[in-house]
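Notes follow the structure.
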Amino acid sequence: MTNNQLQNYLEIATEAALAAGAVLQSFCGKLENIQEKGRSGDLVTEADKASEAVILEILGRHVPEHAILAEESGSLGNAASKYLWAIDPLDGTTNYAHQYPFYAVSIGLLIDGLPQIGVIYDPSHNELFRAGKGLGATCNRRAIAVSQSSELRNSLLVTGFAYDRRSTADNNYAEFCHLTHLTQGVRRSGSAALDLAHTACGRLDGYWERGLSPWDVAAGVLIVSEAGGQVTAYDGGAFEMNSGRVLATNGKIHAELSGALLSVPPLSSWK
Ligand code: IPD
Ligand code: CA
Ligand code: CA
């Protein structure tokens, strides 16, 4: 893959993300159809579907021979292709449905299973985060880099709670308490894509979460790596796109945060 080819895919992803962001803004505050997708709290709206439709139309025009994994439509296109576009047309649907302006469009391109292009667009703040493998990471076309914090006690982290949180003991609550005590704070933003983007540009020092889908993180993990950060499994081993878990940091606090996640006291110890 030449840099020119990567740049071409980056421009296609950008066209789709900006168009989808405009669709989201056109529906915001005017939703007529908010439904649960099965799991309690997992919402879908007409804006999620309209945003996805515009992304699929643009990809279908530019790269009809590629495979697609889109949150609302599932697997589409040529399943034999080594090119897979992972699409979240609206990451942060709960925020969006409440008109809380923290949501984004996330589009990642995997080639042979590895992230090569990532674009995240936050239409409320008009921030476009982009990365190409080996091309670096940008926000609104300016280079971005991860933060310099080197200790958890000086760090601001972010995490999230998956929709199965009411039905599993592995719900991230104990981790949240533990890290809240060890750091300057742990935020819960409601958009995994923006959590990764904000880690990439140094606003946050680290992010962990479980229960994620490939479309939540495909773009963001590349943007963090290209901004100089580190992305792994909780234990520091290789990140697996289908594992549902990610640990992404500025690199400097990675080992300390990994160690903290592996030694979380039970919730009963906070009594
Ligand atoms: C959700 C958001 C949230 C995270 C959830 C995701 P959605 O995506 O990224 O921050 O905690 O696990 O499912 O449903 O808004 O696209
Ligand atoms: Ca999502
Ligand atoms: Ca979504």
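Naming scheme: A, B, ... for chains in displayed order of the structure tokens; residues 1 onward per chain; ligands 1 onward as shown.
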
As a compact mmCIF listing (two decimals) with N, CA and C atoms, in the first residue's frame, please: all residues of range 4-236 of chain A that backbone DSSP puts in alpha helix (DSSP H).
# COMPACT_ATOMS: atom_id res chain seq x y z
N ASN A 4 0.17 7.26 -1.26
CA ASN A 4 -0.85 7.89 -2.11
C ASN A 4 -2.18 7.15 -2.06
N GLN A 5 -2.10 5.82 -2.04
CA GLN A 5 -3.33 5.02 -1.95
C GLN A 5 -3.99 5.23 -0.58
N LEU A 6 -3.15 5.22 0.48
CA LEU A 6 -3.70 5.45 1.82
C LEU A 6 -4.36 6.82 1.90
N GLN A 7 -3.69 7.83 1.34
CA GLN A 7 -4.23 9.19 1.35
C GLN A 7 -5.58 9.24 0.62
N ASN A 8 -5.66 8.48 -0.46
CA ASN A 8 -6.92 8.43 -1.22
C ASN A 8 -8.04 7.85 -0.35
N TYR A 9 -7.75 6.75 0.38
CA TYR A 9 -8.78 6.18 1.27
C TYR A 9 -9.12 7.14 2.41
N LEU A 10 -8.10 7.87 2.87
CA LEU A 10 -8.33 8.84 3.94
C LEU A 10 -9.31 9.92 3.47
N GLU A 11 -9.15 10.36 2.23
CA GLU A 11 -10.06 11.40 1.70
C GLU A 11 -11.48 10.85 1.53
N ILE A 12 -11.59 9.58 1.13
CA ILE A 12 -12.93 8.96 1.00
C ILE A 12 -13.60 8.88 2.37
N ALA A 13 -12.83 8.43 3.37
CA ALA A 13 -13.39 8.33 4.73
C ALA A 13 -13.78 9.71 5.25
N THR A 14 -12.99 10.72 4.91
CA THR A 14 -13.27 12.09 5.36
C THR A 14 -14.56 12.60 4.72
N GLU A 15 -14.69 12.37 3.42
CA GLU A 15 -15.92 12.81 2.72
C GLU A 15 -17.14 12.18 3.39
N ALA A 16 -17.04 10.89 3.70
CA ALA A 16 -18.18 10.18 4.30
C ALA A 16 -18.45 10.69 5.72
N ALA A 17 -17.39 10.90 6.51
CA ALA A 17 -17.59 11.33 7.90
C ALA A 17 -18.20 12.73 7.97
N LEU A 18 -17.74 13.63 7.10
CA LEU A 18 -18.29 15.00 7.11
C LEU A 18 -19.75 15.00 6.66
N ALA A 19 -20.04 14.21 5.64
CA ALA A 19 -21.44 14.14 5.16
C ALA A 19 -22.34 13.55 6.25
N ALA A 20 -21.85 12.51 6.92
CA ALA A 20 -22.64 11.88 7.98
C ALA A 20 -22.83 12.86 9.15
N GLY A 21 -21.79 13.62 9.47
CA GLY A 21 -21.90 14.60 10.55
C GLY A 21 -22.97 15.64 10.25
N ALA A 22 -23.04 16.05 8.98
CA ALA A 22 -24.07 17.03 8.59
C ALA A 22 -25.47 16.42 8.76
N VAL A 23 -25.59 15.15 8.43
CA VAL A 23 -26.89 14.46 8.62
C VAL A 23 -27.25 14.46 10.11
N LEU A 24 -26.29 14.12 10.96
CA LEU A 24 -26.57 14.09 12.41
C LEU A 24 -27.05 15.46 12.89
N GLN A 25 -26.37 16.51 12.47
CA GLN A 25 -26.76 17.85 12.92
C GLN A 25 -28.15 18.23 12.42
N SER A 26 -28.52 17.72 11.24
CA SER A 26 -29.83 18.09 10.69
C SER A 26 -30.97 17.44 11.48
N PHE A 27 -30.68 16.30 12.15
CA PHE A 27 -31.73 15.63 12.93
C PHE A 27 -31.71 16.04 14.40
N GLU A 46 -33.57 7.46 14.07
CA GLU A 46 -33.56 7.66 12.61
C GLU A 46 -32.27 8.35 12.16
N ALA A 47 -31.61 9.07 13.09
CA ALA A 47 -30.36 9.74 12.72
C ALA A 47 -29.22 8.73 12.54
N ASP A 48 -29.17 7.69 13.42
CA ASP A 48 -28.15 6.64 13.24
C ASP A 48 -28.29 6.04 11.84
N LYS A 49 -29.55 5.75 11.47
CA LYS A 49 -29.78 5.06 10.18
C LYS A 49 -29.50 5.99 9.00
N ALA A 50 -29.91 7.23 9.10
CA ALA A 50 -29.68 8.16 7.98
C ALA A 50 -28.19 8.45 7.83
N SER A 51 -27.47 8.55 8.94
CA SER A 51 -26.02 8.78 8.89
C SER A 51 -25.34 7.59 8.23
N GLU A 52 -25.75 6.39 8.65
CA GLU A 52 -25.13 5.20 8.05
C GLU A 52 -25.43 5.12 6.55
N ALA A 53 -26.66 5.47 6.17
CA ALA A 53 -27.04 5.40 4.74
C ALA A 53 -26.14 6.30 3.90
N VAL A 54 -25.83 7.48 4.38
CA VAL A 54 -25.00 8.39 3.57
C VAL A 54 -23.56 7.88 3.49
N ILE A 55 -23.08 7.27 4.56
CA ILE A 55 -21.72 6.69 4.53
C ILE A 55 -21.68 5.53 3.53
N LEU A 56 -22.70 4.67 3.59
CA LEU A 56 -22.72 3.51 2.69
C LEU A 56 -22.82 3.96 1.23
N GLU A 57 -23.57 5.02 1.00
CA GLU A 57 -23.71 5.53 -0.38
C GLU A 57 -22.36 6.00 -0.90
N ILE A 58 -21.62 6.73 -0.07
CA ILE A 58 -20.32 7.28 -0.50
C ILE A 58 -19.29 6.15 -0.69
N LEU A 59 -19.25 5.20 0.25
CA LEU A 59 -18.31 4.08 0.08
C LEU A 59 -18.70 3.24 -1.14
N GLY A 60 -19.99 3.07 -1.34
CA GLY A 60 -20.46 2.28 -2.50
C GLY A 60 -20.05 2.92 -3.82
N ARG A 61 -19.97 4.24 -3.84
CA ARG A 61 -19.58 4.96 -5.04
C ARG A 61 -18.07 4.85 -5.28
N HIS A 62 -17.26 4.94 -4.19
CA HIS A 62 -15.80 4.97 -4.34
C HIS A 62 -15.15 3.59 -4.30
N THR A 93 -24.88 7.58 20.92
CA THR A 93 -26.31 7.78 20.63
C THR A 93 -27.08 8.29 21.84
N THR A 94 -26.72 7.79 23.04
CA THR A 94 -27.46 8.23 24.23
C THR A 94 -27.26 9.73 24.44
N ASN A 95 -26.01 10.19 24.31
CA ASN A 95 -25.76 11.63 24.41
C ASN A 95 -26.59 12.39 23.37
N TYR A 96 -26.53 11.89 22.15
CA TYR A 96 -27.22 12.56 21.03
C TYR A 96 -28.73 12.66 21.29
N ALA A 97 -29.30 11.57 21.78
CA ALA A 97 -30.76 11.56 22.00
C ALA A 97 -31.16 12.57 23.08
N TYR A 173 -17.38 -1.45 37.08
CA TYR A 173 -17.62 -0.55 38.21
C TYR A 173 -16.44 -0.57 39.20
N ALA A 174 -15.91 -1.75 39.49
CA ALA A 174 -14.79 -1.85 40.45
C ALA A 174 -13.55 -1.14 39.87
N GLU A 175 -13.33 -1.30 38.57
CA GLU A 175 -12.19 -0.63 37.93
C GLU A 175 -12.34 0.89 38.03
N PHE A 176 -13.57 1.37 37.82
CA PHE A 176 -13.84 2.81 37.87
C PHE A 176 -13.52 3.37 39.26
N CYS A 177 -13.96 2.66 40.32
CA CYS A 177 -13.66 3.13 41.69
C CYS A 177 -12.16 3.13 41.95
N HIS A 178 -11.50 2.05 41.59
CA HIS A 178 -10.07 1.91 41.85
C HIS A 178 -9.29 3.03 41.15
N LEU A 179 -9.56 3.25 39.88
CA LEU A 179 -8.80 4.27 39.13
C LEU A 179 -9.18 5.68 39.56
N THR A 180 -10.41 5.87 40.02
CA THR A 180 -10.80 7.19 40.52
C THR A 180 -9.95 7.57 41.74
N HIS A 181 -9.62 6.57 42.56
CA HIS A 181 -8.77 6.84 43.73
C HIS A 181 -7.31 7.08 43.36
N LEU A 182 -6.86 6.50 42.27
CA LEU A 182 -5.43 6.55 41.94
C LEU A 182 -5.06 7.74 41.05
N ALA A 192 -16.99 6.23 22.85
CA ALA A 192 -15.69 5.56 22.83
C ALA A 192 -14.77 6.18 21.78
N ALA A 193 -15.35 6.53 20.63
CA ALA A 193 -14.54 7.10 19.55
C ALA A 193 -13.90 8.41 20.00
N LEU A 194 -14.69 9.27 20.65
CA LEU A 194 -14.12 10.54 21.11
C LEU A 194 -13.18 10.34 22.29
N ASP A 195 -13.42 9.32 23.12
CA ASP A 195 -12.46 9.02 24.19
C ASP A 195 -11.09 8.74 23.59
N LEU A 196 -11.07 7.97 22.52
CA LEU A 196 -9.79 7.66 21.86
C LEU A 196 -9.22 8.92 21.19
N ALA A 197 -10.07 9.69 20.52
CA ALA A 197 -9.58 10.90 19.85
C ALA A 197 -8.99 11.88 20.85
N HIS A 198 -9.65 12.01 22.01
CA HIS A 198 -9.16 12.97 23.01
C HIS A 198 -7.92 12.45 23.73
N THR A 199 -7.76 11.14 23.79
CA THR A 199 -6.49 10.58 24.28
C THR A 199 -5.38 10.88 23.27
N ALA A 200 -5.71 10.77 22.00
CA ALA A 200 -4.71 11.01 20.95
C ALA A 200 -4.21 12.45 20.97
N PRO A 214 -15.98 -3.63 17.10
CA PRO A 214 -14.94 -3.11 16.21
C PRO A 214 -15.25 -1.70 15.69
N TRP A 215 -16.54 -1.42 15.41
CA TRP A 215 -16.86 -0.09 14.84
C TRP A 215 -16.65 1.04 15.86
N ASP A 216 -16.66 0.70 17.17
CA ASP A 216 -16.43 1.72 18.19
C ASP A 216 -14.97 2.21 18.18
N VAL A 217 -14.05 1.30 17.86
CA VAL A 217 -12.63 1.57 18.11
C VAL A 217 -11.71 1.50 16.89
N ALA A 218 -12.22 1.00 15.75
CA ALA A 218 -11.34 0.76 14.60
C ALA A 218 -10.59 2.03 14.18
N ALA A 219 -11.29 3.15 14.15
CA ALA A 219 -10.64 4.41 13.76
C ALA A 219 -9.78 4.94 14.90
N GLY A 220 -10.31 4.92 16.11
CA GLY A 220 -9.65 5.57 17.24
C GLY A 220 -8.32 4.94 17.64
N VAL A 221 -8.23 3.60 17.56
CA VAL A 221 -6.97 2.98 17.99
C VAL A 221 -5.82 3.41 17.07
N LEU A 222 -6.11 3.57 15.80
CA LEU A 222 -5.06 4.01 14.87
C LEU A 222 -4.68 5.48 15.15
N ILE A 223 -5.68 6.30 15.44
CA ILE A 223 -5.41 7.73 15.69
C ILE A 223 -4.52 7.86 16.94
N VAL A 224 -4.80 7.05 17.98
CA VAL A 224 -3.94 7.09 19.18
C VAL A 224 -2.53 6.64 18.85
N SER A 225 -2.39 5.52 18.15
CA SER A 225 -1.03 5.02 17.83
C SER A 225 -0.27 6.03 16.98
N GLU A 226 -0.95 6.61 16.00
CA GLU A 226 -0.26 7.56 15.11
C GLU A 226 0.06 8.88 15.82

**OP:** Return as a ChimeraX atom specification every polymer residue, whether protein, DNA or RNA, with at least one atom no more than 8 Å from an atom of ligand 1; count only C-alpha atoms and all ligand atoms.
**Re:** /A:42-44,71,88-95,103,159-163,188-193,195,209-213,216

Residues as selected, N, CA and C atoms, written as a short mmCIF file (atom, residue, chain, number, x, y, z; two decimals), in the first residue's frame, can you do that?
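Dumped everything to again13.cif:
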data_model
loop_
_atom_site.label_atom_id
_atom_site.label_comp_id
_atom_site.auth_asym_id
_atom_site.auth_seq_id
_atom_site.Cartn_x
_atom_site.Cartn_y
_atom_site.Cartn_z
N ASP A 42 -29.61 0.53 25.01
CA ASP A 42 -28.89 0.56 23.72
C ASP A 42 -29.86 1.13 22.68
N LEU A 43 -29.70 2.42 22.37
CA LEU A 43 -30.67 3.13 21.56
C LEU A 43 -30.28 3.16 20.09
N VAL A 44 -31.30 3.27 19.23
CA VAL A 44 -31.07 3.58 17.82
C VAL A 44 -32.15 4.58 17.40
N GLU A 71 -22.50 -0.64 12.00
CA GLU A 71 -23.23 -1.00 13.21
C GLU A 71 -24.70 -1.32 12.94
N ASP A 88 -19.16 3.30 12.56
CA ASP A 88 -20.15 3.67 13.58
C ASP A 88 -20.73 5.01 13.13
N PRO A 89 -21.97 5.00 12.64
CA PRO A 89 -22.53 6.23 12.06
C PRO A 89 -22.86 7.28 13.11
N LEU A 90 -22.98 6.84 14.37
CA LEU A 90 -23.26 7.76 15.48
C LEU A 90 -22.74 7.09 16.75
N ASP A 91 -21.57 7.46 17.18
CA ASP A 91 -21.03 6.92 18.42
C ASP A 91 -21.34 7.92 19.52
N GLY A 92 -22.18 7.43 20.48
CA GLY A 92 -22.67 8.33 21.53
C GLY A 92 -24.15 8.61 21.31
N THR A 93 -24.88 7.58 20.92
CA THR A 93 -26.31 7.78 20.63
C THR A 93 -27.08 8.29 21.84
N THR A 94 -26.72 7.79 23.04
CA THR A 94 -27.46 8.23 24.23
C THR A 94 -27.26 9.73 24.44
N ASN A 95 -26.01 10.19 24.31
CA ASN A 95 -25.76 11.63 24.41
C ASN A 95 -26.59 12.39 23.37
N TYR A 103 -20.75 13.39 20.71
CA TYR A 103 -21.00 12.23 19.87
C TYR A 103 -20.21 12.43 18.58
N THR A 159 -13.31 6.32 30.72
CA THR A 159 -13.75 4.95 30.49
C THR A 159 -15.23 4.95 30.10
N GLY A 160 -15.82 3.78 29.99
CA GLY A 160 -17.23 3.68 29.66
C GLY A 160 -17.80 2.39 30.22
N PHE A 161 -19.12 2.27 30.14
CA PHE A 161 -19.82 1.10 30.68
C PHE A 161 -20.73 0.54 29.59
N ALA A 162 -20.47 -0.69 29.21
CA ALA A 162 -21.20 -1.28 28.08
C ALA A 162 -22.66 -1.53 28.43
N TYR A 163 -23.46 -1.77 27.39
CA TYR A 163 -24.91 -1.93 27.59
C TYR A 163 -25.28 -3.18 28.38
N ARG A 188 -16.52 9.78 32.16
CA ARG A 188 -17.32 8.79 31.44
C ARG A 188 -18.09 9.61 30.41
N SER A 189 -17.56 9.64 29.18
CA SER A 189 -18.08 10.60 28.21
C SER A 189 -19.28 10.09 27.44
N GLY A 190 -19.35 8.78 27.19
CA GLY A 190 -20.44 8.21 26.40
C GLY A 190 -20.13 8.09 24.92
N SER A 191 -18.89 8.33 24.52
CA SER A 191 -18.49 8.10 23.13
C SER A 191 -17.07 7.51 23.12
N ALA A 192 -16.99 6.23 22.85
CA ALA A 192 -15.69 5.56 22.83
C ALA A 192 -14.77 6.18 21.78
N ALA A 193 -15.35 6.53 20.63
CA ALA A 193 -14.54 7.10 19.55
C ALA A 193 -13.90 8.41 20.00
N ASP A 195 -13.42 9.32 23.12
CA ASP A 195 -12.46 9.02 24.19
C ASP A 195 -11.09 8.74 23.59
N GLU A 209 -11.71 0.34 28.32
CA GLU A 209 -13.12 -0.04 28.29
C GLU A 209 -13.25 -1.48 27.86
N ARG A 210 -14.34 -2.13 28.26
CA ARG A 210 -14.68 -3.49 27.82
C ARG A 210 -16.05 -3.44 27.13
N GLY A 211 -16.41 -4.53 26.44
CA GLY A 211 -17.73 -4.63 25.83
C GLY A 211 -17.87 -3.82 24.56
N LEU A 212 -16.75 -3.50 23.93
CA LEU A 212 -16.77 -2.66 22.72
C LEU A 212 -16.91 -3.51 21.46
N SER A 213 -17.34 -2.87 20.39
CA SER A 213 -17.42 -3.52 19.08
C SER A 213 -16.36 -2.91 18.16
N ASP A 216 -16.66 0.70 17.17
CA ASP A 216 -16.43 1.72 18.19
C ASP A 216 -14.97 2.21 18.18
#

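For the choices A:Pro266, A:Gly132, A:Pro64, A:Pro123, the atom-to-atom distance to Asn171 in chain A is smallest for A:Pro266 when using only C-alpha atoms.
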
**OP:** May I have the residues within 7 Å of Gly77 in chain A as a list in words, using only C-alpha atoms and disregarding those fewer than 6 positions away in the same chain?
**Re:**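 Non-adjacent residues within range: Glu65, His66, Ala67 and Ile68 of chain A.
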
Subject >> Residues near Leu84 in chain A, cut-off 9 Å, only C-alpha atoms, skip fewer than 3 positions along chain, as a list of chain:residue names >> reply: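 My reading of the contact set: A:His66, A:Ala67, A:Ile68, A:Leu69, A:Ala79, A:Ser81, A:Gly108, A:Leu109, A:Leu110, A:Ile111, A:Asp112, A:Gly113.
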
Take the residues just selected and output them with all heavy atoms as a PDB file, in the first residue's frame.
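Below is the file that was written, again.pdb:
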ATOM      1  N   HIS A  66     -15.090  -3.339  -1.837  1.00  0.00           N
ATOM      2  CA  HIS A  66     -14.609  -3.606  -0.472  1.00  0.00           C
ATOM      3  C   HIS A  66     -15.700  -4.207   0.412  1.00  0.00           C
ATOM      4  O   HIS A  66     -16.886  -4.133   0.090  1.00  0.00           O
ATOM      5  CB  HIS A  66     -14.120  -2.306   0.171  1.00  0.00           C
ATOM      6  CG  HIS A  66     -12.851  -1.778  -0.419  1.00  0.00           C
ATOM      7  ND1 HIS A  66     -12.205  -0.665   0.065  1.00  0.00           N
ATOM      8  CD2 HIS A  66     -12.098  -2.212  -1.465  1.00  0.00           C
ATOM      9  CE1 HIS A  66     -11.112  -0.434  -0.642  1.00  0.00           C
ATOM     10  NE2 HIS A  66     -11.031  -1.358  -1.581  1.00  0.00           N
ATOM     11  N   ALA A  67     -15.279  -4.773   1.560  1.00  0.00           N
ATOM     12  CA  ALA A  67     -16.224  -5.275   2.574  1.00  0.00           C
ATOM     13  C   ALA A  67     -16.521  -4.174   3.591  1.00  0.00           C
ATOM     14  O   ALA A  67     -15.685  -3.277   3.806  1.00  0.00           O
ATOM     15  CB  ALA A  67     -15.637  -6.486   3.280  1.00  0.00           C
ATOM     16  N   ILE A  68     -17.698  -4.272   4.218  1.00  0.00           N
ATOM     17  CA  ILE A  68     -18.128  -3.258   5.191  1.00  0.00           C
ATOM     18  C   ILE A  68     -18.710  -3.953   6.418  1.00  0.00           C
ATOM     19  O   ILE A  68     -19.413  -4.966   6.293  1.00  0.00           O
ATOM     20  CB  ILE A  68     -19.201  -2.349   4.542  1.00  0.00           C
ATOM     21  CG1 ILE A  68     -18.524  -1.392   3.548  1.00  0.00           C
ATOM     22  CG2 ILE A  68     -19.990  -1.573   5.591  1.00  0.00           C
ATOM     23  CD1 ILE A  68     -19.477  -0.564   2.713  1.00  0.00           C
ATOM     24  N   LEU A  69     -18.384  -3.411   7.594  1.00  0.00           N
ATOM     25  CA  LEU A  69     -19.054  -3.818   8.830  1.00  0.00           C
ATOM     26  C   LEU A  69     -19.622  -2.535   9.431  1.00  0.00           C
ATOM     27  O   LEU A  69     -18.866  -1.695   9.930  1.00  0.00           O
ATOM     28  CB  LEU A  69     -18.060  -4.472   9.803  1.00  0.00           C
ATOM     29  CG  LEU A  69     -18.644  -4.843  11.166  1.00  0.00           C
ATOM     30  CD1 LEU A  69     -19.720  -5.916  11.027  1.00  0.00           C
ATOM     31  CD2 LEU A  69     -17.534  -5.306  12.111  1.00  0.00           C
ATOM     32  N   ALA A  79     -17.288 -10.125   0.968  1.00  0.00           N
ATOM     33  CA  ALA A  79     -16.733 -10.739   2.176  1.00  0.00           C
ATOM     34  C   ALA A  79     -15.313 -11.244   1.951  1.00  0.00           C
ATOM     35  O   ALA A  79     -14.555 -11.425   2.906  1.00  0.00           O
ATOM     36  CB  ALA A  79     -17.628 -11.881   2.636  1.00  0.00           C
ATOM     37  N   SER A  81     -12.988  -9.635   0.375  1.00  0.00           N
ATOM     38  CA  SER A  81     -12.045  -8.521   0.238  1.00  0.00           C
ATOM     39  C   SER A  81     -11.122  -8.423   1.455  1.00  0.00           C
ATOM     40  O   SER A  81     -11.541  -8.668   2.583  1.00  0.00           O
ATOM     41  CB  SER A  81     -12.814  -7.206   0.087  1.00  0.00           C
ATOM     42  OG  SER A  81     -11.922  -6.115   0.103  1.00  0.00           O
ATOM     43  N   GLY A 108     -13.314   3.513  10.192  1.00  0.00           N
ATOM     44  CA  GLY A 108     -11.970   2.933  10.139  1.00  0.00           C
ATOM     45  C   GLY A 108     -11.856   1.997   8.950  1.00  0.00           C
ATOM     46  O   GLY A 108     -12.834   1.365   8.559  1.00  0.00           O
ATOM     47  N   LEU A 109     -10.676   1.934   8.378  1.00  0.00           N
ATOM     48  CA  LEU A 109     -10.410   0.960   7.308  1.00  0.00           C
ATOM     49  C   LEU A 109      -9.338  -0.010   7.795  1.00  0.00           C
ATOM     50  O   LEU A 109      -8.227   0.409   8.149  1.00  0.00           O
ATOM     51  CB  LEU A 109      -9.924   1.660   6.036  1.00  0.00           C
ATOM     52  CG  LEU A 109      -9.440   0.725   4.918  1.00  0.00           C
ATOM     53  CD1 LEU A 109     -10.563  -0.194   4.416  1.00  0.00           C
ATOM     54  CD2 LEU A 109      -8.848   1.520   3.743  1.00  0.00           C
ATOM     55  N   LEU A 110      -9.702  -1.299   7.824  1.00  0.00           N
ATOM     56  CA  LEU A 110      -8.741  -2.350   8.149  1.00  0.00           C
ATOM     57  C   LEU A 110      -8.317  -3.007   6.840  1.00  0.00           C
ATOM     58  O   LEU A 110      -9.150  -3.266   5.971  1.00  0.00           O
ATOM     59  CB  LEU A 110      -9.366  -3.415   9.047  1.00  0.00           C
ATOM     60  CG  LEU A 110     -10.162  -2.956  10.274  1.00  0.00           C
ATOM     61  CD1 LEU A 110     -10.660  -4.157  11.065  1.00  0.00           C
ATOM     62  CD2 LEU A 110      -9.312  -2.066  11.157  1.00  0.00           C
ATOM     63  N   ILE A 111      -7.024  -3.280   6.716  1.00  0.00           N
ATOM     64  CA  ILE A 111      -6.539  -4.031   5.560  1.00  0.00           C
ATOM     65  C   ILE A 111      -5.863  -5.276   6.121  1.00  0.00           C
ATOM     66  O   ILE A 111      -4.977  -5.180   6.969  1.00  0.00           O
ATOM     67  CB  ILE A 111      -5.576  -3.204   4.686  1.00  0.00           C
ATOM     68  CG1 ILE A 111      -6.249  -1.884   4.274  1.00  0.00           C
ATOM     69  CG2 ILE A 111      -5.172  -3.998   3.439  1.00  0.00           C
ATOM     70  CD1 ILE A 111      -5.391  -0.965   3.406  1.00  0.00           C
ATOM     71  N   ASP A 112      -6.340  -6.435   5.695  1.00  0.00           N
ATOM     72  CA  ASP A 112      -5.888  -7.712   6.276  1.00  0.00           C
ATOM     73  C   ASP A 112      -6.007  -7.680   7.802  1.00  0.00           C
ATOM     74  O   ASP A 112      -5.126  -8.175   8.520  1.00  0.00           O
ATOM     75  CB  ASP A 112      -4.445  -8.026   5.854  1.00  0.00           C
ATOM     76  CG  ASP A 112      -4.366  -8.400   4.372  1.00  0.00           C
ATOM     77  OD1 ASP A 112      -5.307  -9.051   3.869  1.00  0.00           O
ATOM     78  OD2 ASP A 112      -3.368  -8.020   3.726  1.00  0.00           O
ATOM     79  N   GLY A 113      -7.064  -7.075   8.288  1.00  0.00           N
ATOM     80  CA  GLY A 113      -7.351  -7.080   9.726  1.00  0.00           C
ATOM     81  C   GLY A 113      -6.633  -6.011  10.533  1.00  0.00           C
ATOM     82  O   GLY A 113      -6.859  -5.898  11.736  1.00  0.00           O
TER      83      GLY A 113
END

Mind checking DSSP for range 106-228 of chain A and telling me the strand (DSSP E or B) residues as an mmCIF file with C-alpha atoms, in the first residue's frame?
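Wrote out-v1.cif, looks like this:
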data_model
loop_
_atom_site.group_PDB
_atom_site.id
_atom_site.type_symbol
_atom_site.label_atom_id
_atom_site.label_comp_id
_atom_site.auth_asym_id
_atom_site.auth_seq_id
_atom_site.Cartn_x
_atom_site.Cartn_y
_atom_site.Cartn_z
ATOM 1 C CA SER A 106 -16.292 6.933 13.309
ATOM 2 C CA ILE A 107 -14.932 5.304 10.153
ATOM 3 C CA GLY A 108 -11.970 2.933 10.139
ATOM 4 C CA LEU A 109 -10.410 0.960 7.308
ATOM 5 C CA LEU A 110 -8.741 -2.350 8.149
ATOM 6 C CA ILE A 111 -6.539 -4.031 5.560
ATOM 7 C CA LEU A 114 -5.019 -4.213 10.644
ATOM 8 C CA PRO A 115 -6.164 -0.575 11.066
ATOM 9 C CA GLN A 116 -4.782 1.581 8.237
ATOM 10 C CA ILE A 117 -7.145 4.583 8.144
ATOM 11 C CA GLY A 118 -9.101 6.240 10.939
ATOM 12 C CA VAL A 119 -11.461 9.218 10.769
ATOM 13 C CA ILE A 120 -13.570 10.503 13.666
ATOM 14 C CA TYR A 121 -15.742 13.579 13.180
ATOM 15 C CA ASP A 122 -17.318 15.478 16.078
ATOM 16 C CA GLU A 127 -13.389 18.639 15.050
ATOM 17 C CA LEU A 128 -12.094 16.174 12.474
ATOM 18 C CA PHE A 129 -9.577 13.642 13.788
ATOM 19 C CA ARG A 130 -7.724 11.637 11.157
ATOM 20 C CA ALA A 131 -4.852 9.198 10.846
ATOM 21 C CA GLY A 132 -3.282 6.985 8.221
ATOM 22 C CA GLY A 136 0.650 10.600 11.632
ATOM 23 C CA ALA A 137 -2.509 11.902 13.304
ATOM 24 C CA THR A 138 -4.233 15.255 12.943
ATOM 25 C CA CYS A 139 -7.136 17.292 14.289
ATOM 26 C CA ARG A 142 -2.926 20.000 12.357
ATOM 27 C CA ALA A 143 -0.627 17.341 13.828
ATOM 28 C CA LEU A 156 -6.976 12.300 33.788
ATOM 29 C CA LEU A 157 -8.531 9.097 32.427
ATOM 30 C CA VAL A 158 -11.755 8.150 30.702
ATOM 31 C CA THR A 159 -13.746 4.946 30.485
ATOM 32 C CA GLY A 185 -10.193 11.723 37.840
ATOM 33 C CA VAL A 186 -11.962 9.298 35.541
ATOM 34 C CA ARG A 187 -14.468 10.730 33.054
ATOM 35 C CA ARG A 188 -17.320 8.794 31.438
ATOM 36 C CA GLY A 206 -5.546 7.214 29.035
ATOM 37 C CA TYR A 207 -8.681 5.208 28.283
ATOM 38 C CA TRP A 208 -9.820 1.692 28.979
ATOM 39 C CA GLU A 209 -13.124 -0.041 28.293
#
